[in-house]
$ cat protein03.pdb   # PDB, C-alpha atoms and all ligand atoms
ATOM      1  CA  MET A   1     -33.296  52.410-257.411  1.00  0.00           C
ATOM      2  CA  GLU A   2     -33.872  56.075-258.083  1.00  0.00           C
ATOM      3  CA  ARG A   3     -31.796  58.501-260.113  1.00  0.00           C
ATOM      4  CA  VAL A   4     -30.427  61.301-257.955  1.00  0.00           C
ATOM      5  CA  TYR A   5     -28.337  64.306-258.971  1.00  0.00           C
ATOM      6  CA  ILE A   6     -25.838  65.696-256.475  1.00  0.00           C
ATOM      7  CA  GLY A   7     -24.192  69.122-256.683  1.00  0.00           C
ATOM      8  CA  LEU A   8     -20.582  69.184-255.495  1.00  0.00           C
ATOM      9  CA  GLY A   9     -18.680  72.326-254.581  1.00  0.00           C
ATOM     10  CA  SER A  10     -15.354  73.223-252.974  1.00  0.00           C
ATOM     11  CA  ASN A  11     -13.290  76.354-252.659  1.00  0.00           C
ATOM     12  CA  LEU A  12     -10.203  74.887-251.074  1.00  0.00           C
ATOM     13  CA  ALA A  13      -6.790  75.709-252.503  1.00  0.00           C
ATOM     14  CA  GLU A  14      -7.030  72.407-254.408  1.00  0.00           C
ATOM     15  CA  PRO A  15     -10.785  72.097-254.794  1.00  0.00           C
ATOM     16  CA  ALA A  16     -10.667  69.722-257.755  1.00  0.00           C
ATOM     17  CA  GLU A  17      -8.877  67.210-255.516  1.00  0.00           C
ATOM     18  CA  GLN A  18     -11.626  67.661-252.902  1.00  0.00           C
ATOM     19  CA  LEU A  19     -14.213  66.859-255.557  1.00  0.00           C
ATOM     20  CA  ARG A  20     -12.320  63.771-256.713  1.00  0.00           C
ATOM     21  CA  GLU A  21     -12.152  62.518-253.115  1.00  0.00           C
ATOM     22  CA  ALA A  22     -15.846  63.186-252.648  1.00  0.00           C
ATOM     23  CA  LEU A  23     -16.672  61.255-255.834  1.00  0.00           C
ATOM     24  CA  LYS A  24     -14.749  58.241-254.517  1.00  0.00           C
ATOM     25  CA  ALA A  25     -16.771  58.432-251.311  1.00  0.00           C
ATOM     26  CA  LEU A  26     -20.049  58.707-253.257  1.00  0.00           C
ATOM     27  CA  ALA A  27     -19.123  55.610-255.249  1.00  0.00           C
ATOM     28  CA  GLN A  28     -18.777  53.705-251.968  1.00  0.00           C
ATOM     29  CA  LEU A  29     -22.113  54.647-250.406  1.00  0.00           C
ATOM     30  CA  PRO A  30     -24.326  51.665-249.540  1.00  0.00           C
ATOM     31  CA  GLN A  31     -27.029  50.650-252.034  1.00  0.00           C
ATOM     32  CA  THR A  32     -25.677  53.247-254.411  1.00  0.00           C
ATOM     33  CA  ALA A  33     -23.936  53.355-257.784  1.00  0.00           C
ATOM     34  CA  LEU A  34     -22.110  56.402-259.134  1.00  0.00           C
ATOM     35  CA  SER A  35     -23.535  56.536-262.661  1.00  0.00           C
ATOM     36  CA  GLY A  36     -22.129  59.745-264.083  1.00  0.00           C
ATOM     37  CA  VAL A  37     -19.925  62.740-263.373  1.00  0.00           C
ATOM     38  CA  SER A  38     -19.959  66.071-265.215  1.00  0.00           C
ATOM     39  CA  SER A  39     -16.981  68.183-266.123  1.00  0.00           C
ATOM     40  CA  PHE A  40     -15.585  70.378-263.385  1.00  0.00           C
ATOM     41  CA  TYR A  41     -16.370  74.093-263.602  1.00  0.00           C
ATOM     42  CA  VAL A  42     -14.632  77.006-261.879  1.00  0.00           C
ATOM     43  CA  SER A  43     -16.447  80.250-261.032  1.00  0.00           C
ATOM     44  CA  ASP A  44     -16.329  83.180-258.660  1.00  0.00           C
ATOM     45  CA  SER A  45     -18.078  82.729-255.335  1.00  0.00           C
ATOM     46  CA  LEU A  46     -21.513  84.248-255.081  1.00  0.00           C
ATOM     47  CA  LEU A  47     -20.259  85.774-251.838  1.00  0.00           C
ATOM     48  CA  PRO A  48     -17.523  88.376-252.281  1.00  0.00           C
ATOM     49  CA  GLY A  49     -14.190  87.812-250.615  1.00  0.00           C
ATOM     50  CA  GLN A  50     -14.147  84.000-250.928  1.00  0.00           C
ATOM     51  CA  PRO A  51     -11.817  81.950-253.129  1.00  0.00           C
ATOM     52  CA  ARG A  52     -13.225  80.715-256.436  1.00  0.00           C
ATOM     53  CA  TYR A  53     -15.268  77.530-256.369  1.00  0.00           C
ATOM     54  CA  THR A  54     -14.926  74.341-258.323  1.00  0.00           C
ATOM     55  CA  ASN A  55     -18.307  72.687-258.927  1.00  0.00           C
ATOM     56  CA  ALA A  56     -19.581  69.534-260.595  1.00  0.00           C
ATOM     57  CA  VAL A  57     -22.696  67.374-260.672  1.00  0.00           C
ATOM     58  CA  ALA A  58     -22.819  63.612-260.097  1.00  0.00           C
ATOM     59  CA  ALA A  59     -25.572  61.152-261.006  1.00  0.00           C
ATOM     60  CA  LEU A  60     -26.282  58.407-258.484  1.00  0.00           C
ATOM     61  CA  ASP A  61     -28.621  55.451-258.652  1.00  0.00           C
ATOM     62  CA  THR A  62     -29.579  54.699-255.090  1.00  0.00           C
ATOM     63  CA  GLY A  63     -31.861  52.551-253.007  1.00  0.00           C
ATOM     64  CA  LEU A  64     -31.367  54.848-250.018  1.00  0.00           C
ATOM     65  CA  ALA A  65     -34.309  56.924-248.843  1.00  0.00           C
ATOM     66  CA  PRO A  66     -33.838  60.693-249.227  1.00  0.00           C
ATOM     67  CA  LEU A  67     -33.024  61.440-245.587  1.00  0.00           C
ATOM     68  CA  ALA A  68     -30.715  58.427-245.379  1.00  0.00           C
ATOM     69  CA  LEU A  69     -28.863  59.743-248.421  1.00  0.00           C
ATOM     70  CA  LEU A  70     -28.739  63.216-246.858  1.00  0.00           C
ATOM     71  CA  ASP A  71     -27.214  61.732-243.703  1.00  0.00           C
ATOM     72  CA  ALA A  72     -24.660  59.832-245.791  1.00  0.00           C
ATOM     73  CA  LEU A  73     -23.713  62.985-247.723  1.00  0.00           C
ATOM     74  CA  GLN A  74     -23.299  64.939-244.525  1.00  0.00           C
ATOM     75  CA  GLY A  75     -21.032  62.159-243.309  1.00  0.00           C
ATOM     76  CA  VAL A  76     -18.862  62.609-246.419  1.00  0.00           C
ATOM     77  CA  GLU A  77     -18.831  66.395-245.957  1.00  0.00           C
ATOM     78  CA  ASN A  78     -17.886  66.073-242.315  1.00  0.00           C
ATOM     79  CA  GLY A  79     -15.213  63.486-243.049  1.00  0.00           C
ATOM     80  CA  GLN A  80     -13.446  65.694-245.587  1.00  0.00           C
ATOM     81  CA  GLY A  81     -14.226  68.990-243.898  1.00  0.00           C
ATOM     82  CA  ARG A  82     -13.147  67.969-240.461  1.00  0.00           C
ATOM     83  CA  GLU A  83      -9.793  66.725-241.714  1.00  0.00           C
ATOM     84  CA  ARG A  84      -8.962  70.087-243.280  1.00  0.00           C
ATOM     85  CA  LEU A  85     -10.764  72.358-240.863  1.00  0.00           C
ATOM     86  CA  GLU A  86      -7.700  73.838-239.166  1.00  0.00           C
ATOM     87  CA  ARG A  87      -5.786  74.412-242.370  1.00  0.00           C
ATOM     88  CA  TRP A  88      -8.428  75.663-244.743  1.00  0.00           C
ATOM     89  CA  GLY A  89     -11.485  76.832-242.822  1.00  0.00           C
ATOM     90  CA  PRO A  90     -14.921  75.406-242.452  1.00  0.00           C
ATOM     91  CA  ARG A  91     -16.423  75.143-245.981  1.00  0.00           C
ATOM     92  CA  THR A  92     -14.277  72.534-247.681  1.00  0.00           C
ATOM     93  CA  LEU A  93     -16.995  70.517-249.368  1.00  0.00           C
ATOM     94  CA  ASP A  94     -20.660  71.025-250.151  1.00  0.00           C
ATOM     95  CA  LEU A  95     -22.791  68.125-251.317  1.00  0.00           C
ATOM     96  CA  ASP A  96     -26.345  69.095-252.239  1.00  0.00           C
ATOM     97  CA  ILE A  97     -29.178  66.809-253.282  1.00  0.00           C
ATOM     98  CA  LEU A  98     -30.470  68.623-256.374  1.00  0.00           C
ATOM     99  CA  LEU A  99     -33.049  66.141-257.671  1.00  0.00           C
ATOM    100  CA  PHE A 100     -34.310  62.818-256.314  1.00  0.00           C
ATOM    101  CA  GLY A 101     -36.137  60.772-258.941  1.00  0.00           C
ATOM    102  CA  ASP A 102     -39.518  62.343-259.587  1.00  0.00           C
ATOM    103  CA  ARG A 103     -39.983  63.379-255.984  1.00  0.00           C
ATOM    104  CA  LEU A 104     -40.978  66.731-254.570  1.00  0.00           C
ATOM    105  CA  ILE A 105     -39.642  66.858-251.014  1.00  0.00           C
ATOM    106  CA  ASP A 106     -40.461  69.614-248.555  1.00  0.00           C
ATOM    107  CA  GLU A 107     -39.093  68.695-245.162  1.00  0.00           C
ATOM    108  CA  PRO A 108     -37.238  70.835-242.638  1.00  0.00           C
ATOM    109  CA  ARG A 109     -33.915  69.216-243.500  1.00  0.00           C
ATOM    110  CA  LEU A 110     -34.417  68.684-247.207  1.00  0.00           C
ATOM    111  CA  LYS A 111     -36.122  70.539-250.037  1.00  0.00           C
ATOM    112  CA  VAL A 112     -36.048  68.944-253.489  1.00  0.00           C
ATOM    113  CA  PRO A 113     -35.657  70.251-256.149  1.00  0.00           C
ATOM    114  CA  HIS A 114     -32.864  72.168-254.453  1.00  0.00           C
ATOM    115  CA  TYR A 115     -33.940  75.698-253.646  1.00  0.00           C
ATOM    116  CA  HIS A 116     -31.352  77.709-255.584  1.00  0.00           C
ATOM    117  CA  MET A 117     -30.461  75.384-258.441  1.00  0.00           C
ATOM    118  CA  HIS A 118     -32.695  77.086-261.013  1.00  0.00           C
ATOM    119  CA  ALA A 119     -30.575  80.247-260.944  1.00  0.00           C
ATOM    120  CA  ARG A 120     -27.078  78.824-260.588  1.00  0.00           C
ATOM    121  CA  ALA A 121     -25.059  78.334-263.741  1.00  0.00           C
ATOM    122  CA  PHE A 122     -22.537  76.191-261.843  1.00  0.00           C
ATOM    123  CA  VAL A 123     -25.353  73.691-261.178  1.00  0.00           C
ATOM    124  CA  LEU A 124     -27.389  73.906-264.394  1.00  0.00           C
ATOM    125  CA  TYR A 125     -24.584  73.540-266.965  1.00  0.00           C
ATOM    126  CA  PRO A 126     -22.955  70.469-265.401  1.00  0.00           C
ATOM    127  CA  LEU A 127     -26.412  68.947-264.842  1.00  0.00           C
ATOM    128  CA  ALA A 128     -27.193  69.461-268.527  1.00  0.00           C
ATOM    129  CA  GLU A 129     -24.128  67.393-269.471  1.00  0.00           C
ATOM    130  CA  LEU A 130     -25.594  64.411-267.611  1.00  0.00           C
ATOM    131  CA  ALA A 131     -29.296  64.947-268.288  1.00  0.00           C
ATOM    132  CA  PRO A 132     -29.915  66.994-271.436  1.00  0.00           C
ATOM    133  CA  GLY A 133     -33.583  67.760-271.929  1.00  0.00           C
ATOM    134  CA  LEU A 134     -34.460  66.931-268.319  1.00  0.00           C
ATOM    135  CA  ILE A 135     -37.862  67.930-266.969  1.00  0.00           C
ATOM    136  CA  LEU A 136     -37.765  68.568-263.211  1.00  0.00           C
ATOM    137  CA  ALA A 137     -40.328  66.950-260.916  1.00  0.00           C
ATOM    138  CA  ASP A 138     -42.008  70.347-260.537  1.00  0.00           C
ATOM    139  CA  GLY A 139     -42.497  70.568-264.309  1.00  0.00           C
ATOM    140  CA  ARG A 140     -39.742  73.054-265.096  1.00  0.00           C
ATOM    141  CA  ALA A 141     -37.656  72.248-268.168  1.00  0.00           C
ATOM    142  CA  LEU A 142     -33.893  72.315-267.725  1.00  0.00           C
ATOM    143  CA  ASP A 143     -33.594  73.901-271.191  1.00  0.00           C
ATOM    144  CA  ASN A 144     -35.705  76.852-270.049  1.00  0.00           C
ATOM    145  CA  LEU A 145     -33.685  77.280-266.872  1.00  0.00           C
ATOM    146  CA  LEU A 146     -30.474  77.250-268.922  1.00  0.00           C
ATOM    147  CA  ALA A 147     -31.858  79.845-271.338  1.00  0.00           C
ATOM    148  CA  ALA A 148     -32.466  82.195-268.403  1.00  0.00           C
ATOM    149  CA  CYS A 149     -29.055  81.579-266.801  1.00  0.00           C
ATOM    150  CA  PRO A 150     -26.037  82.771-268.795  1.00  0.00           C
ATOM    151  CA  PHE A 151     -22.960  80.550-268.974  1.00  0.00           C
ATOM    152  CA  GLU A 152     -20.894  83.701-268.500  1.00  0.00           C
ATOM    153  CA  GLY A 153     -18.441  83.495-265.604  1.00  0.00           C
ATOM    154  CA  LEU A 154     -18.107  79.703-265.721  1.00  0.00           C
ATOM    155  CA  GLU A 155     -14.842  78.121-266.786  1.00  0.00           C
ATOM    156  CA  ARG A 156     -15.067  74.458-267.794  1.00  0.00           C
ATOM    157  CA  LEU A 157     -11.926  72.568-266.873  1.00  0.00           C
ATOM    158  CA  PRO A 158     -10.493  70.176-269.462  1.00  0.00           C
ATOM    159  CA  GLY A 159     -10.578  66.425-268.866  1.00  0.00           C
TER     160      GLY A 159
HETATM  161  N1  LIG B 201     -20.367  80.124-255.546  1.00  0.00           N
HETATM  162  C1  LIG B 201     -19.987  79.241-256.482  1.00  0.00           C
HETATM  163  N2  LIG B 201     -19.483  79.683-257.627  1.00  0.00           N
HETATM  164  N3  LIG B 201     -20.108  77.897-256.268  1.00  0.00           N
HETATM  165  C2  LIG B 201     -20.615  77.412-255.104  1.00  0.00           C
HETATM  166  O1  LIG B 201     -20.711  76.188-254.931  1.00  0.00           O
HETATM  167  C3  LIG B 201     -21.022  78.317-254.115  1.00  0.00           C
HETATM  168  N4  LIG B 201     -21.524  77.890-252.919  1.00  0.00           N
HETATM  169  C4  LIG B 201     -21.882  78.744-251.961  1.00  0.00           C
HETATM  170  C5  LIG B 201     -21.846  80.217-252.179  1.00  0.00           C
HETATM  171  C6  LIG B 201     -21.025  80.861-251.071  1.00  0.00           C
HETATM  172  C7  LIG B 201     -23.269  80.734-252.158  1.00  0.00           C
HETATM  173  N5  LIG B 201     -21.259  80.582-253.445  1.00  0.00           N
HETATM  174  C8  LIG B 201     -20.885  79.690-254.378  1.00  0.00           C
HETATM  175  O2  LIG B 201     -22.344  78.284-250.806  1.00  0.00           O
END
$ encode --input "protein03.pdb" --output "structure tokens"
Amino acid sequence: MERVYIGLGSNLAEPAEQLREALKALAQLPQTALSGVSSFYVSDSLLPGQPRYTNAVAALDTGLAPLALLDALQGVENGQGRERLERWGPRTLDLDILLFGDRLIDEPRLKVPHYHMHARAFVLYPLAELAPGLILADGRALDNLLAACPFEGLERLPG
């Protein structure tokens, strides 16, 4: 089993509900346990003109290989996205593999650590709830990434 961190994001009208549904689906993946979930955080989209996002990070312990997990996550995204496509538009749920054990992965479909995570407060702060003091597989310290990435603009939801 390897410890994997997944970034979740939704900017549906009820994005927190999207995230809760996605977490249920993650808990049911084969060879996989859902071992932790961060608080939910709301922030403006990095792209102007989009609704605000709700984001969270989940910890999984999985026996799936990285590309098998990626396929499974895309299945969850498609399942939830396809259902709501006509009502809400195409980007209902994003599930990103942020970290996969101690692995460095550089494949066409999958780069780990996730390309943009180092600069995104809505990834780093929830990750820090689950893994304070983490050192990434590429040697970067989560504490240093946090120090360079202001919390400003994030709203942590209660509960
Ligand atoms: N902005 C926020 N706050 N959260 C996201 O998950 C997110 N995802 C995206 C873009 C459009 C870049 N902006 C985002 O894909």
$ resolve_selection --input "protein03.pdb" --expression "the PyMOL selection byres (((not hetatm)) within 6 of (chain B and resi 201))" --output "list of chain:residue names"
A:Gly9, A:Ser43, A:Asp44, A:Ser45, A:Leu46, A:Leu47, A:Tyr53, A:Asn55
$ write_last_selection --input "protein03.pdb" --atoms "C-alpha atoms" --output "mmCIF file, keeping the file's coordinate frame"
data_model
loop_
_atom_site.group_PDB
_atom_site.id
_atom_site.type_symbol
_atom_site.label_atom_id
_atom_site.label_comp_id
_atom_site.auth_asym_id
_atom_site.auth_seq_id
_atom_site.Cartn_x
_atom_site.Cartn_y
_atom_site.Cartn_z
ATOM 1 C CA GLY A 9 -18.680 72.326 -254.581
ATOM 2 C CA SER A 43 -16.447 80.250 -261.032
ATOM 3 C CA ASP A 44 -16.329 83.180 -258.660
ATOM 4 C CA SER A 45 -18.078 82.729 -255.335
ATOM 5 C CA LEU A 46 -21.513 84.248 -255.081
ATOM 6 C CA LEU A 47 -20.259 85.774 -251.838
ATOM 7 C CA TYR A 53 -15.268 77.530 -256.369
ATOM 8 C CA ASN A 55 -18.307 72.687 -258.927
#
$ atom_distance --input "protein03.pdb" --atom1 "atom CA of Val37 of chain A" --atom2 "atom CA of Arg20 of chain A"
10.2 Å
$ residues_around --input "protein03.pdb" --residues "Phe100 of chain A" --least-positions-apart "3" --cutoff "9 Å" --atoms "all atoms listed in the file" --output "list in words"
Glu2, Arg3, Val4, Tyr5, Ile6, Pro66, Ile97, Arg103, Leu104, Ile105, Val112, Pro113 and Ala137 of chain A
$ resolve_selection --input "protein03.pdb" --expression "the PyMOL selection byres (((chain A and resi 8) around 7) and not hetatm)" --output "MDAnalysis selection string"
chainID A and resid 6:7 9 19 55:57 94:96
$ resolve_selection --input "protein03.pdb" --expression "the PyMOL selection byres (((chain A and resi 123-135) around 10) and not hetatm)" --output "MDAnalysis selection string"
chainID A and resid 5:9 35:41 55:59 98 102 116:122 136:146 149:151 154 156
$ closest_residue --input "protein03.pdb" --among "A:Leu60, A:Leu26, A:Ala16, A:Ala33" --to "Leu99 of chain A" --atoms "all atoms listed in the file"
A:Leu60
$ atom_distance --input "protein03.pdb" --atom1 "atom CA of Arg52 of chain A" --atom2 "atom CA of Gly79 of chain A"
21.9 Å
$ residues_around --input "protein03.pdb" --residues "Gln18 of chain A" --least-positions-apart "5" --cutoff "10 Å" --atoms "only C-alpha atoms" --output "list of chain:residue names"
A:Leu8, A:Gly9, A:Ser10, A:Asn11, A:Leu12, A:Ala13, A:Leu23, A:Thr54, A:Gln80, A:Gly81, A:Thr92, A:Leu93
$ write_last_selection --input "protein03.pdb" --atoms "C-alpha atoms" --output "PDB file, in the coordinates of the input"
ATOM      1  CA  LEU A   8     -20.582  69.184-255.495  1.00  0.00           C
ATOM      2  CA  GLY A   9     -18.680  72.326-254.581  1.00  0.00           C
ATOM      3  CA  SER A  10     -15.354  73.223-252.974  1.00  0.00           C
ATOM      4  CA  ASN A  11     -13.290  76.354-252.659  1.00  0.00           C
ATOM      5  CA  LEU A  12     -10.203  74.887-251.074  1.00  0.00           C
ATOM      6  CA  ALA A  13      -6.790  75.709-252.503  1.00  0.00           C
ATOM      7  CA  LEU A  23     -16.672  61.255-255.834  1.00  0.00           C
ATOM      8  CA  THR A  54     -14.926  74.341-258.323  1.00  0.00           C
ATOM      9  CA  GLN A  80     -13.446  65.694-245.587  1.00  0.00           C
ATOM     10  CA  GLY A  81     -14.226  68.990-243.898  1.00  0.00           C
ATOM     11  CA  THR A  92     -14.277  72.534-247.681  1.00  0.00           C
ATOM     12  CA  LEU A  93     -16.995  70.517-249.368  1.00  0.00           C
TER      13      LEU A  93
END
$ residues_around --input "protein03.pdb" --residues "Gly63 of chain A" --least-positions-apart "6" --cutoff "8 Å" --atoms "all atoms listed in the file" --output "ChimeraX atom specification"
/A:1-2,31-32
$ write_last_selection --input "protein03.pdb" --atoms "C-alpha atoms" --output "PDB file, in the coordinates of the input"
ATOM      1  CA  MET A   1     -33.296  52.410-257.411  1.00  0.00           C
ATOM      2  CA  GLU A   2     -33.872  56.075-258.083  1.00  0.00           C
ATOM      3  CA  GLN A  31     -27.029  50.650-252.034  1.00  0.00           C
ATOM      4  CA  THR A  32     -25.677  53.247-254.411  1.00  0.00           C
TER       5      THR A  32
END
$ closest_residue --input "protein03.pdb" --among "A:Glu21, A:Glu107, A:Glu14, A:Asp61" --to "Val42 of chain A" --atoms "only C-alpha atoms"
A:Glu14
$ axis_aligned_box --input "protein03.pdb" --around "segment 119-124 of chain A" --padding-each-side "3 Å" --output "AutoDock Vina command-line options"
--center_x -26.6 --center_y 77.0 --center_z -262.5 --size_x 14.0 --size_y 12.6 --size_z 9.8
$ closest_residue --input "protein03.pdb" --among "A:Lys24, A:Arg91, A:His114, A:Arg109" --to "Ala68 of chain A" --atoms "only C-alpha atoms"
A:Arg109
$ atom_distance --input "protein03.pdb" --atom1 "atom CA of Ala147 of chain A" --atom2 "atom CA of Tyr115 of chain A"
18.3 Å
